[in-house]
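S.K.: Quick one, run_4.tsv (TSV, C-alpha atoms and all ligand atoms):
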chain	number	residue	atom	x	y	z
G	1	THR	CA	136.32	-80.64	-74.29
G	2	SER	CA	137.62	-82.57	-71.32
G	3	GLU	CA	139.18	-85.13	-73.63
G	4	ARG	CA	142.86	-85.66	-73.01
G	5	LEU	CA	145.01	-84.94	-76.03
G	6	TYR	CA	148.51	-86.19	-76.64
G	7	CYS	CA	151.28	-85.09	-78.96
G	8	VAL	CA	151.77	-87.64	-81.73
G	9	GLY	CA	155.48	-86.82	-81.74
G	10	CYS	CA	156.59	-87.38	-78.16
G	11	GLY	CA	153.48	-88.71	-76.44
G	12	ALA	CA	153.29	-85.89	-73.89
G	13	GLU	CA	149.85	-84.79	-72.77
G	14	LEU	CA	149.12	-81.50	-74.49
G	15	GLN	CA	148.79	-78.37	-72.37
G	16	THR	CA	148.50	-74.66	-73.08
G	17	GLU	CA	149.75	-73.31	-69.75
G	18	ASP	CA	153.53	-73.43	-69.64
G	19	ASP	CA	155.81	-73.31	-72.66
G	20	THR	CA	158.82	-74.52	-70.69
G	21	LYS	CA	157.10	-77.81	-69.83
G	22	PRO	CA	156.48	-80.87	-72.03
G	23	GLY	CA	153.41	-80.99	-74.26
G	24	PHE	CA	153.00	-77.23	-74.67
G	25	ILE	CA	150.86	-76.10	-77.59
G	26	GLN	CA	149.62	-72.61	-78.33
G	27	ASN	CA	145.99	-72.06	-77.49
G	28	SER	CA	145.26	-70.73	-80.97
G	29	THR	CA	146.80	-73.79	-82.63
G	30	LEU	CA	144.80	-76.13	-80.48
G	31	LYS	CA	141.59	-74.18	-81.08
G	32	LYS	CA	142.11	-74.27	-84.81
G	33	TYR	CA	142.58	-78.01	-84.66
G	34	LEU	CA	139.49	-78.60	-82.56
G	35	GLU	CA	137.24	-76.27	-84.58
G	36	ASN	CA	138.35	-77.70	-87.87
G	37	ASP	CA	136.23	-80.84	-87.70
G	38	SER	CA	138.20	-83.92	-88.45
G	39	GLU	CA	137.27	-85.18	-91.87
G	40	ASP	CA	140.95	-85.53	-92.50
G	41	ASP	CA	142.12	-88.25	-90.14
G	42	SER	CA	145.73	-87.87	-91.08
G	43	ARG	CA	145.96	-84.49	-89.40
G	44	GLU	CA	148.49	-84.56	-86.64
G	45	LEU	CA	148.49	-82.69	-83.39
G	46	LEU	CA	152.01	-81.86	-82.32
G	47	CYS	CA	153.36	-80.04	-79.29
G	48	LYS	CA	155.47	-76.98	-80.03
G	49	ARG	CA	158.68	-78.89	-79.34
G	50	CYS	CA	157.88	-81.66	-81.84
G	51	PHE	CA	156.52	-79.16	-84.35
G	52	ARG	CA	159.78	-77.27	-84.30
G	53	LEU	CA	161.81	-80.43	-84.57
G	54	ARG	CA	159.82	-81.67	-87.49
G	55	ASN	CA	159.68	-78.43	-89.40
G	56	TYR	CA	162.95	-76.79	-88.49
G	57	ASN	CA	165.05	-79.74	-87.35
G	58	GLU	CA	165.46	-77.95	-84.11
G	59	ILE	CA	165.31	-79.19	-80.53
G	60	THR	CA	163.87	-76.85	-77.91
G	61	ASP	CA	164.38	-77.67	-74.29
G	62	VAL	CA	161.58	-78.42	-71.90
G	63	ASN	CA	162.01	-78.94	-68.19
G	64	ILE	CA	160.61	-81.31	-65.63
G	65	GLU	CA	160.74	-81.63	-61.87
G	66	ASP	CA	162.55	-84.34	-59.94
G	67	ASP	CA	159.80	-86.92	-59.61
G	68	GLU	CA	158.91	-86.80	-63.30
G	69	PHE	CA	162.56	-87.07	-64.12
G	70	LEU	CA	162.90	-90.17	-61.97
G	71	LYS	CA	160.01	-91.75	-63.85
G	72	LEU	CA	161.74	-90.95	-67.08
G	73	LEU	CA	165.04	-92.44	-65.90
G	74	ASP	CA	163.15	-95.47	-64.71
G	75	SER	CA	161.66	-95.98	-68.18
G	76	ILE	CA	165.15	-95.68	-69.64
G	77	ALA	CA	166.43	-98.21	-67.11
G	78	GLN	CA	164.08	-100.78	-68.65
G	79	GLU	CA	165.72	-100.47	-72.05
G	80	ASP	CA	169.10	-101.28	-73.46
G	81	GLY	CA	171.19	-98.36	-74.56
G	82	LEU	CA	173.98	-95.90	-74.01
G	83	ILE	CA	173.46	-92.91	-71.73
G	84	VAL	CA	175.09	-89.66	-72.76
G	85	ASN	CA	175.18	-87.36	-69.77
G	86	VAL	CA	175.82	-83.72	-70.64
G	87	VAL	CA	177.32	-81.59	-67.87
G	88	ASP	CA	178.35	-77.96	-67.89
G	89	ILE	CA	182.03	-77.79	-66.99
G	90	PHE	CA	181.66	-74.16	-65.98
G	91	ASP	CA	179.02	-75.29	-63.49
G	92	TYR	CA	179.82	-78.94	-62.91
G	93	GLU	CA	178.52	-79.09	-59.36
G	94	GLY	CA	175.27	-77.45	-60.43
G	95	SER	CA	174.75	-79.73	-63.40
G	96	VAL	CA	175.75	-83.19	-62.24
G	97	ILE	CA	172.79	-85.52	-61.55
G	98	PRO	CA	173.41	-87.24	-58.21
G	99	GLY	CA	172.40	-90.90	-58.29
G	100	LEU	CA	172.16	-91.04	-62.07
G	101	GLN	CA	173.85	-94.42	-62.25
G	102	ARG	CA	171.56	-95.86	-59.61
G	103	PHE	CA	168.46	-94.72	-61.48
G	104	VAL	CA	169.40	-95.96	-64.93
G	105	GLY	CA	170.71	-99.29	-63.72
G	106	ASP	CA	173.81	-100.95	-64.99
G	107	LYS	CA	174.14	-98.88	-68.13
G	108	ASP	CA	177.15	-97.41	-69.82
G	109	ILE	CA	177.36	-93.67	-69.28
G	110	LEU	CA	179.39	-91.42	-71.52
G	111	VAL	CA	180.09	-88.14	-69.76
G	112	VAL	CA	180.20	-85.05	-71.98
G	113	GLY	CA	181.65	-81.89	-70.45
G	114	ASN	CA	180.12	-79.06	-72.48
G	115	LYS	CA	181.17	-75.40	-72.80
G	116	VAL	CA	184.88	-76.12	-72.97
G	117	ASP	CA	185.15	-72.88	-74.94
G	118	LEU	CA	184.69	-70.97	-71.67
G	119	LEU	CA	187.87	-72.22	-70.08
G	120	PRO	CA	191.02	-70.16	-70.36
G	121	LYS	CA	193.26	-71.14	-73.25
G	122	SER	CA	195.98	-72.17	-70.79
G	123	VAL	CA	193.98	-75.10	-69.46
G	124	ASN	CA	195.47	-78.55	-69.72
G	125	THR	CA	192.77	-80.70	-71.29
G	126	ASN	CA	194.12	-84.01	-70.06
G	127	ARG	CA	194.04	-82.80	-66.52
G	128	LEU	CA	190.46	-81.71	-66.98
G	129	LEU	CA	189.48	-85.07	-68.40
G	130	ASN	CA	191.02	-86.72	-65.36
G	131	TRP	CA	189.15	-84.33	-63.16
G	132	LEU	CA	185.87	-85.12	-64.93
G	133	GLN	CA	186.54	-88.83	-64.53
G	134	GLN	CA	187.31	-88.37	-60.85
G	135	LYS	CA	184.17	-86.31	-60.27
G	136	SER	CA	182.04	-88.87	-62.09
G	137	LYS	CA	183.41	-91.52	-59.80
G	138	GLU	CA	182.65	-89.44	-56.71
G	139	ASN	CA	179.09	-89.06	-57.94
G	140	GLY	CA	178.70	-92.79	-58.43
G	141	ILE	CA	178.88	-92.63	-62.21
G	142	LYS	CA	180.89	-95.44	-63.75
G	143	SER	CA	181.68	-93.48	-66.88
G	144	ILE	CA	182.75	-95.55	-69.86
G	145	ASP	CA	184.57	-92.50	-71.21
G	146	GLN	CA	184.57	-88.71	-71.05
G	147	ILE	CA	185.05	-85.92	-73.52
G	148	MET	CA	185.11	-82.11	-73.49
G	149	VAL	CA	183.13	-80.36	-76.19
G	150	SER	CA	181.69	-77.02	-77.10
G	151	ALA	CA	178.23	-77.44	-78.58
G	152	GLU	CA	178.09	-73.78	-79.44
G	153	LYS	CA	181.46	-73.52	-81.13
G	154	GLY	CA	181.39	-77.03	-82.56
G	155	ILE	CA	184.59	-78.08	-80.78
G	156	ASN	CA	185.04	-81.87	-80.62
G	157	VAL	CA	181.49	-82.62	-81.75
G	158	ASP	CA	182.75	-84.87	-84.57
G	159	LYS	CA	184.86	-86.76	-82.09
G	160	LEU	CA	181.90	-87.11	-79.76
G	161	MET	CA	179.77	-88.52	-82.57
G	162	ARG	CA	182.42	-91.12	-83.31
G	163	MET	CA	182.61	-91.97	-79.62
G	164	ILE	CA	178.86	-92.37	-79.39
G	165	ASP	CA	178.92	-94.65	-82.40
G	166	LYS	CA	181.64	-96.75	-80.85
G	167	TYR	CA	179.99	-97.17	-77.45
G	168	ARG	CA	176.37	-97.51	-78.44
G	169	LYS	CA	177.12	-100.82	-80.19
G	170	GLY	CA	174.03	-100.59	-82.35
G	171	ARG	CA	171.77	-99.56	-79.48
G	172	ASP	CA	169.70	-96.46	-78.73
G	173	VAL	CA	171.34	-93.40	-77.22
G	174	TYR	CA	169.70	-91.43	-74.40
G	175	VAL	CA	170.88	-87.89	-73.87
G	176	VAL	CA	170.24	-86.64	-70.34
G	177	GLY	CA	171.24	-83.52	-68.46
G	178	THR	CA	170.07	-80.75	-66.18
G	179	THR	CA	168.63	-77.61	-67.73
G	180	ASN	CA	171.07	-75.14	-69.14
G	181	THR	CA	173.93	-77.56	-69.72
G	182	GLY	CA	173.57	-77.01	-73.47
G	183	LYS	CA	171.93	-80.34	-74.21
G	184	SER	CA	169.63	-78.87	-76.87
G	185	THR	CA	172.42	-76.93	-78.50
G	186	LEU	CA	174.47	-80.11	-78.64
G	187	ILE	CA	171.69	-82.22	-80.14
G	188	ASN	CA	171.00	-79.54	-82.73
G	189	ARG	CA	174.67	-79.65	-83.68
G	190	ILE	CA	174.51	-83.40	-84.01
G	191	ILE	CA	171.40	-83.17	-86.19
G	192	ALA	CA	173.05	-80.55	-88.37
G	193	GLN	CA	176.19	-82.63	-88.75
G	194	SER	CA	174.50	-85.95	-89.49
G	195	SER	CA	173.57	-86.03	-93.13
G	196	ASN	CA	171.12	-88.92	-92.82
G	197	VAL	CA	169.09	-87.66	-89.93
G	198	LYS	CA	167.16	-84.86	-91.54
G	199	ASN	CA	164.61	-86.59	-93.76
G	200	LEU	CA	163.90	-89.23	-91.21
G	201	ILE	CA	162.51	-86.86	-88.65
G	202	THR	CA	159.06	-86.99	-90.23
G	203	THR	CA	158.30	-90.46	-88.87
G	204	SER	CA	155.69	-90.15	-86.16
G	205	ARG	CA	155.25	-92.12	-82.98
G	206	PHE	CA	152.18	-93.43	-81.25
G	207	PRO	CA	150.80	-91.25	-78.49
G	208	GLY	CA	151.20	-92.22	-74.89
G	209	THR	CA	154.07	-94.61	-75.42
G	210	THR	CA	156.84	-92.35	-74.27
G	211	LEU	CA	157.54	-89.98	-71.46
G	212	ASP	CA	158.18	-86.74	-73.22
G	213	ARG	CA	161.20	-88.08	-75.00
G	214	ILE	CA	162.03	-87.18	-78.54
G	215	ASP	CA	163.49	-89.80	-80.82
G	216	ILE	CA	165.89	-88.75	-83.51
G	217	PRO	CA	166.44	-91.66	-85.87
G	218	LEU	CA	169.99	-92.78	-86.44
G	219	ASP	CA	170.95	-94.51	-89.64
G	220	ASP	CA	170.58	-98.08	-88.39
G	221	GLY	CA	167.00	-97.97	-87.16
G	222	HIS	CA	168.02	-96.92	-83.65
G	223	ASN	CA	167.41	-93.58	-82.06
G	224	LEU	CA	169.13	-90.72	-80.38
G	225	VAL	CA	166.68	-89.81	-77.63
G	226	ASP	CA	166.42	-86.30	-76.28
G	227	THR	CA	164.95	-86.16	-72.80
G	228	PRO	CA	163.68	-83.12	-70.89
G	229	GLY	CA	166.18	-81.38	-68.66
G	230	ILE	CA	165.88	-81.79	-64.94
G	231	ILE	CA	165.63	-78.56	-62.98
G	232	HIS	CA	168.12	-78.07	-60.20
G	233	LYS	CA	166.49	-75.89	-57.63
G	234	TYR	CA	169.61	-74.41	-56.15
G	235	GLN	CA	170.85	-72.93	-59.39
G	236	LEU	CA	171.68	-69.28	-59.00
G	237	ALA	CA	169.61	-68.63	-62.12
G	238	HIS	CA	166.41	-68.92	-60.09
G	239	TYR	CA	167.20	-65.77	-58.14
G	240	LEU	CA	168.12	-63.48	-61.02
G	241	ASN	CA	166.23	-61.80	-63.82
G	242	ASP	CA	167.08	-62.39	-67.49
G	243	GLN	CA	169.24	-59.34	-67.78
G	244	ASP	CA	171.31	-60.30	-64.73
G	245	LEU	CA	171.56	-63.83	-65.98
G	246	LYS	CA	173.13	-62.62	-69.19
G	247	ILE	CA	175.76	-60.80	-67.20
G	248	ILE	CA	176.76	-63.71	-64.97
G	249	THR	CA	176.90	-66.17	-67.89
G	250	PRO	CA	180.33	-66.02	-69.49
G	251	LYS	CA	180.40	-65.85	-73.26
G	252	LYS	CA	184.13	-65.67	-73.84
G	253	PRO	CA	186.92	-67.74	-72.33
G	254	LEU	CA	187.29	-66.87	-68.67
G	255	ARG	CA	190.09	-64.44	-68.03
G	256	PRO	CA	191.77	-65.11	-64.71
G	257	SER	CA	191.73	-62.07	-62.40
G	258	THR	CA	194.52	-62.21	-59.86
G	259	PHE	CA	194.58	-60.38	-56.54
G	260	GLN	CA	197.32	-60.15	-53.96
G	261	LEU	CA	195.53	-59.92	-50.68
G	262	ARG	CA	196.37	-59.22	-47.09
G	263	ASP	CA	194.25	-60.39	-44.20
G	264	GLY	CA	191.33	-58.19	-43.50
G	265	GLN	CA	190.51	-57.78	-47.15
G	266	THR	CA	187.32	-58.67	-48.92
G	267	ILE	CA	186.38	-59.12	-52.55
G	268	PHE	CA	182.82	-58.67	-53.73
G	269	VAL	CA	181.76	-60.38	-56.93
G	270	SER	CA	179.23	-57.72	-57.85
G	271	GLY	CA	176.41	-58.09	-55.33
G	272	ILE	CA	176.27	-61.85	-55.61
G	273	ALA	CA	179.11	-63.19	-53.51
G	274	ARG	CA	181.59	-61.97	-50.94
G	275	PHE	CA	184.96	-63.50	-50.08
G	276	ASP	CA	186.83	-62.59	-46.89
G	277	PHE	CA	190.45	-63.70	-46.83
G	278	LEU	CA	191.76	-64.69	-43.44
G	279	ASP	CA	195.47	-65.18	-44.07
G	280	GLU	CA	198.31	-62.80	-43.77
G	281	LYS	CA	199.02	-62.82	-47.46
G	282	SER	CA	197.61	-64.74	-50.38
G	283	ASN	CA	197.39	-64.77	-54.12
G	284	VAL	CA	193.91	-65.59	-55.30
G	285	VAL	CA	192.56	-65.96	-58.82
G	286	PHE	CA	188.95	-65.34	-59.79
G	287	TYR	CA	187.28	-67.13	-62.72
G	288	VAL	CA	183.95	-65.43	-63.34
G	289	SER	CA	182.15	-63.77	-66.24
G	290	GLN	CA	183.91	-60.64	-67.44
G	291	GLY	CA	180.73	-58.62	-67.02
G	292	LEU	CA	180.97	-58.97	-63.25
G	293	LEU	CA	182.59	-56.43	-61.02
G	294	LEU	CA	185.34	-57.54	-58.65
G	295	HIS	CA	185.48	-54.98	-55.90
G	296	ARG	CA	188.10	-54.95	-53.15
G	297	THR	CA	187.29	-53.47	-49.77
G	298	LYS	CA	188.23	-53.76	-46.10
G	299	THR	CA	186.50	-56.60	-44.32
G	300	VAL	CA	185.59	-54.41	-41.36
G	301	ASN	CA	183.51	-52.20	-43.65
G	302	ALA	CA	182.20	-54.93	-45.91
G	303	THR	CA	178.76	-55.53	-44.39
G	304	GLU	CA	177.94	-51.86	-44.32
G	305	TYR	CA	179.30	-51.42	-47.83
G	306	TYR	CA	177.14	-54.25	-49.14
G	307	GLU	CA	173.96	-52.94	-47.58
G	308	LYS	CA	174.56	-49.53	-49.01
G	309	HIS	CA	175.56	-50.53	-52.54
G	310	VAL	CA	173.83	-53.80	-53.42
G	311	GLY	CA	171.56	-53.25	-56.42
G	312	LYS	CA	173.36	-49.96	-57.13
G	313	ASP	CA	177.14	-50.14	-57.55
G	314	LEU	CA	177.01	-53.83	-56.84
G	315	THR	CA	174.81	-55.25	-59.62
G	316	PRO	CA	173.70	-57.84	-60.46
G	317	PRO	CA	171.35	-58.34	-58.70
G	318	THR	CA	169.14	-55.54	-59.94
G	319	ASP	CA	166.01	-56.70	-58.11
G	320	VAL	CA	167.27	-56.49	-54.55
G	321	ASP	CA	163.89	-57.18	-52.97
G	322	ASP	CA	163.69	-60.67	-54.47
G	323	PHE	CA	167.32	-61.49	-53.82
G	324	PRO	CA	168.15	-63.80	-50.88
G	325	VAL	CA	170.38	-62.52	-48.09
G	326	LEU	CA	174.00	-63.63	-48.19
G	327	LYS	CA	174.81	-66.59	-46.00
G	328	LYS	CA	178.22	-67.34	-44.51
G	329	HIS	CA	180.34	-70.45	-45.19
G	330	GLU	CA	183.93	-71.12	-44.20
G	331	PHE	CA	186.55	-73.17	-46.02
G	332	THR	CA	190.12	-74.23	-45.37
G	333	ALA	CA	192.22	-75.32	-48.34
G	334	HIS	CA	194.76	-78.01	-47.51
G	335	ARG	CA	195.87	-78.11	-51.12
G	336	ARG	CA	195.58	-75.48	-53.82
G	337	SER	CA	191.79	-75.35	-54.22
G	338	ASP	CA	188.85	-73.77	-55.97
G	339	ILE	CA	185.94	-72.37	-54.03
G	340	VAL	CA	183.04	-72.89	-56.40
G	341	VAL	CA	179.82	-70.90	-56.29
G	342	TYR	CA	177.38	-72.92	-58.39
G	343	GLY	CA	176.53	-71.04	-61.55
G	344	LEU	CA	178.79	-68.09	-60.83
G	345	GLY	CA	182.32	-69.43	-61.20
G	346	TRP	CA	185.16	-70.02	-58.79
G	347	VAL	CA	188.16	-68.56	-57.03
G	348	THR	CA	191.44	-70.44	-56.73
G	349	ILE	CA	193.19	-70.12	-53.38
G	350	PRO	CA	196.65	-71.37	-52.36
G	351	GLU	CA	197.21	-74.30	-50.02
G	352	ASN	CA	196.84	-73.73	-46.30
G	353	THR	CA	194.58	-70.74	-46.62
G	354	LYS	CA	191.25	-69.96	-45.11
G	355	VAL	CA	188.40	-68.10	-46.66
G	356	ARG	CA	184.98	-67.01	-45.54
G	357	VAL	CA	182.44	-67.01	-48.35
G	358	TYR	CA	179.02	-65.38	-48.44
G	359	VAL	CA	176.55	-66.50	-51.09
G	360	PRO	CA	172.79	-66.02	-51.48
G	361	GLU	CA	170.86	-68.32	-49.19
G	362	GLY	CA	169.81	-71.39	-51.18
G	363	VAL	CA	172.79	-71.25	-53.53
G	364	ASN	CA	175.43	-73.93	-53.08
G	365	VAL	CA	179.12	-73.38	-52.58
G	366	SER	CA	181.82	-76.02	-52.32
G	367	ILE	CA	185.54	-76.64	-52.37
G	368	ARG	CA	187.48	-78.81	-54.84
G	369	ASP	CA	191.07	-79.37	-55.89
G	370	ALA	CA	192.06	-76.59	-58.29
G	371	ILE	CA	191.32	-77.56	-61.88
G	372	ILE	CA	193.68	-75.03	-63.44
H	401	LIG	P1	169.61	-77.08	-72.27
H	401	LIG	O1	168.67	-76.44	-71.29
H	401	LIG	O2	170.51	-78.05	-71.59
H	401	LIG	O3	168.95	-77.65	-73.46
H	401	LIG	O4	170.60	-75.92	-72.74
H	401	LIG	P2	170.60	-74.99	-74.04
H	401	LIG	O5	171.03	-75.75	-75.23
H	401	LIG	O6	169.30	-74.25	-74.11
H	401	LIG	O7	171.78	-74.00	-73.62
H	401	LIG	C1	171.76	-73.28	-72.41
H	401	LIG	C2	172.66	-72.06	-72.51
H	401	LIG	O8	174.02	-72.48	-72.65
H	401	LIG	C3	172.37	-71.19	-73.72
H	401	LIG	O9	172.51	-69.85	-73.32
H	401	LIG	C4	173.43	-71.57	-74.72
H	401	LIG	O10	173.74	-70.52	-75.58
H	401	LIG	C5	174.60	-71.92	-73.82
H	401	LIG	N1	175.50	-72.90	-74.42
H	401	LIG	C6	175.18	-74.10	-74.96
H	401	LIG	N2	176.28	-74.74	-75.40
H	401	LIG	C7	177.33	-73.93	-75.12
H	401	LIG	C8	178.74	-74.03	-75.34
H	401	LIG	O11	179.29	-74.98	-75.89
H	401	LIG	N3	179.49	-72.98	-74.91
H	401	LIG	C9	178.94	-71.88	-74.31
H	401	LIG	N4	179.75	-70.91	-73.93
H	401	LIG	N5	177.62	-71.76	-74.10
H	401	LIG	C10	176.83	-72.77	-74.50
Can you give me the file's structure in the form of structure tokens?
Ligand code: GDP
M.R.:
Amino acid sequence: TSERLYCVGCGAELQTEDDTKPGFIQNSTLKKYLENDSEDDSRELLCKRCFRLRNYNEITDVNIEDDEFLKLLDSIAQEDGLIVNVVDIFDYEGSVIPGLQRFVGDKDILVVGNKVDLLPKSVNTNRLLNWLQQKSKENGIKSIDQIMVSAEKGINVDKLMRMIDKYRKGRDVYVVGTTNTGKSTLINRIIAQSSNVKNLITTSRFPGTTLDRIDIPLDDGHNLVDTPGIIHKYQLAHYLNDQDLKIITPKKPLRPSTFQLRDGQTIFVSGIARFDFLDEKSNVVFYVSQGLLLHRTKTVNATEYYEKHVGKDLTPPTDVDDFPVLKKHEFTAHRRSDIVVYGLGWVTIPENTKVRVYVPEGVNVSIRDAII
């Protein structure tokens, strides 16, 4: 039929094409529903995401593009509530949503830095919280508070829940974030840790009233709202296959790798990034996934070396044909700084040093005050 069908859980228009987008339902499920003529009016048609939530108490993430996301933020802006913005502290620059405050209006935003388990044990948490506050400010976010958590390891989730309760002041809570920040993992933790939530999930909503948001009832009649993740196009993830992605994503706390370098030396981070150091002598520290190779070579030979070994000794990437060429950027650190390659990690360089960085075209790289 050409009839439009909507999920009774989240209101998304049902579709059978893309399981990473809102409203996905398996063709076979939909067929079964349509063939099975509707004598029973109470039958409910749910998208896969709502089905899983209802039956397994589990959030799965779906993704949307910028313009849809803006519509969603706009609908949130119309309502009263607390925004919980989840960012990935390993990839802050790649996961912050520029203009968030502008789009949601004058709302309180609680900034949650997820994946704190990835930082080296030596990290000073207070300093990081200050850093997160500072970064929020730079991105126009007037954060009401900030907290570091690990959704996966359950670090600080209790504290976060108390914080949310304090700041929501009896209102709804909207959880927003870019894809891959761990938003779903975090919400699933919250569901698992809230004793009252579970049985309430069976309440259904009216179709078409929401923009792909999922409401998780809280104990006072208000909701914790999961929203789809916004896709950031410049994330390194778009240029790598699943296997490579596993390698660049750290699973254990980052172990600092220190190099004492002279000028004319280059470090390759596998085949993904290249750093040329332009000072007479410097101590640099790499913070990247342990599965990645850090290879030192002479700068004069570096280009030739890369061409010869990328996809072979220098992997990831494994699919060299689809991988963008490396593009040159140059940075001068006036203070002790991190050069951050979005999604890959960072290298800390001393003050008054210069570095030339090559990253795949389309991937962002920036400089910040050292966080460690
Ligand atoms: P979403 O797209 O924002 O919903 O993110 P997911 O919840 O699907 O998580 C994205 C990836 O980050 C997955 O590979 C998770 O295993 C991982 N992840 C989520 N939370 C954490 C965390 O606290 N620590 C670490 N190290 N990884 C996490």
S.K.: List all protein, DNA and RNA residues that have an atom no more than 6 Å from any atom of ligand LIG 401 (chain H), counting all atoms listed in the file, and report them as a CSV table (one decimal) with C-alpha atoms, in the coordinates of the input.
M.R.:
chain,number,residue,atom,x,y,z
G,61,ASP,CA,164.4,-77.7,-74.3
G,114,ASN,CA,180.1,-79.1,-72.5
G,115,LYS,CA,181.2,-75.4,-72.8
G,117,ASP,CA,185.2,-72.9,-74.9
G,118,LEU,CA,184.7,-71.0,-71.7
G,150,SER,CA,181.7,-77.0,-77.1
G,151,ALA,CA,178.2,-77.4,-78.6
G,152,GLU,CA,178.1,-73.8,-79.4
G,153,LYS,CA,181.5,-73.5,-81.1
G,179,THR,CA,168.6,-77.6,-67.7
G,180,ASN,CA,171.1,-75.1,-69.1
G,181,THR,CA,173.9,-77.6,-69.7
G,182,GLY,CA,173.6,-77.0,-73.5
G,183,LYS,CA,171.9,-80.3,-74.2
G,184,SER,CA,169.6,-78.9,-76.9
G,185,THR,CA,172.4,-76.9,-78.5
G,251,LYS,CA,180.4,-65.8,-73.3
S.K.: To one decimal place in Å, what is the distance between atom CA of G:Gly362 and atom CA of G:Lys328?
M.R.: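 About the pair atom CA of G:Gly362 and atom CA of G:Lys328: they are 11.5 Å apart.
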S.K.: Nearest to G:Leu224: which of G:Glu307, G:Asp158, G:Glu68, G:Asp172 is it, counting all atoms listed in the file?
M.R.: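 With all atoms listed in the file as the atom set, the closest residue is G:Asp172.
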S.K.: Which is closest to G:Phe277 among G:Leu261, G:Val96, G:Leu82, G:Val363, if we use only C-alpha atoms?
M.R.: G:Leu261
S.K.: Report, in Å with one decimal, the straight-line distance from atom CA of G:Ile25 to atom CA of G:Asn57.
M.R.: 17.6 Å
S.K.: Every residue with an atom at most 12 Å from (177.2, -62.3, -56.2) (file coordinates; all atoms listed in the file) is what I'm after, so could you write them as number ranges by chain?
M.R.: G: 236-237, 239-240, 244-245, 247-248, 267-275, 288-289, 291-295, 306, 310-311, 314-318, 320, 323-327, 341-346, 357-361, 363, 365
S.K.: Would you kindly identify which residues have an atom no farther than 12 Å from (190.2, -71.0, -72.1), using all atoms listed in the file and the file's own coordinates, and write them out as a list in words?
M.R.: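 Nearby residues: Ile89, Phe90, Lys115, Val116, Asp117, Leu118, Leu119, Pro120, Lys121, Ser122, Val123, Asn124, Thr125, Leu128, Ser150, Pro250, Lys251, Lys252, Pro253, Leu254, Arg255, Pro256, Tyr287 and Ile372 of chain G.
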S.K.: Would you pick out the contacts of G:Arg168 at 9 Å or less, using only C-alpha atoms, so that residues sharing its chain but fewer than 5 positions from it are not included, and give the list as a list of chain:residue names?
M.R.: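 The residues satisfying every condition are G:Gly81, G:Leu82, G:Ile83, G:Asp108, G:Met163, G:Val173.
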S.K.: As an exercise, work out the distance from atom CA of G:Thr29 to atom CA of G:Asn55 in Å and give it to one decimal place.
M.R.: 15.3 Å
S.K.: Could stretch 300-311 of chain G be completed with N, CA and C atoms and returned as a JSON list (two decimals), keeping the file's coordinate frame?
M.R.:
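That gives us selection33.json:
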[["chain", "number", "residue", "atom", "x", "y", "z"],
["G", 300, "VAL", "N", 186.33, -55.07, -42.45],
["G", 300, "VAL", "CA", 185.59, -54.41, -41.36],
["G", 300, "VAL", "C", 184.44, -53.55, -41.89],
["G", 301, "ASN", "N", 184.57, -53.05, -43.10],
["G", 301, "ASN", "CA", 183.51, -52.20, -43.65],
["G", 301, "ASN", "C", 182.56, -52.94, -44.58],
["G", 302, "ALA", "N", 182.84, -54.24, -44.80],
["G", 302, "ALA", "CA", 182.20, -54.93, -45.91],
["G", 302, "ALA", "C", 180.68, -55.03, -45.78],
["G", 303, "THR", "N", 180.20, -55.35, -44.57],
["G", 303, "THR", "CA", 178.76, -55.53, -44.39],
["G", 303, "THR", "C", 178.02, -54.23, -44.68],
["G", 304, "GLU", "N", 178.56, -53.16, -44.12],
["G", 304, "GLU", "CA", 177.94, -51.86, -44.32],
["G", 304, "GLU", "C", 177.98, -51.48, -45.80],
["G", 305, "TYR", "N", 179.12, -51.74, -46.41],
["G", 305, "TYR", "CA", 179.30, -51.42, -47.83],
["G", 305, "TYR", "C", 178.26, -52.16, -48.67],
["G", 306, "TYR", "N", 178.09, -53.44, -48.37],
["G", 306, "TYR", "CA", 177.14, -54.25, -49.14],
["G", 306, "TYR", "C", 175.73, -53.69, -49.02],
["G", 307, "GLU", "N", 175.33, -53.43, -47.79],
["G", 307, "GLU", "CA", 173.96, -52.94, -47.58],
["G", 307, "GLU", "C", 173.70, -51.65, -48.33],
["G", 308, "LYS", "N", 174.73, -50.82, -48.37],
["G", 308, "LYS", "CA", 174.56, -49.53, -49.01],
["G", 308, "LYS", "C", 174.54, -49.64, -50.54],
["G", 309, "HIS", "N", 175.33, -50.56, -51.09],
["G", 309, "HIS", "CA", 175.56, -50.53, -52.54],
["G", 309, "HIS", "C", 174.93, -51.66, -53.33],
["G", 310, "VAL", "N", 174.40, -52.69, -52.65],
["G", 310, "VAL", "CA", 173.83, -53.80, -53.42],
["G", 310, "VAL", "C", 172.65, -53.30, -54.26],
["G", 311, "GLY", "N", 172.62, -53.72, -55.51],
["G", 311, "GLY", "CA", 171.56, -53.25, -56.42],
["G", 311, "GLY", "C", 171.88, -51.91, -57.05]]
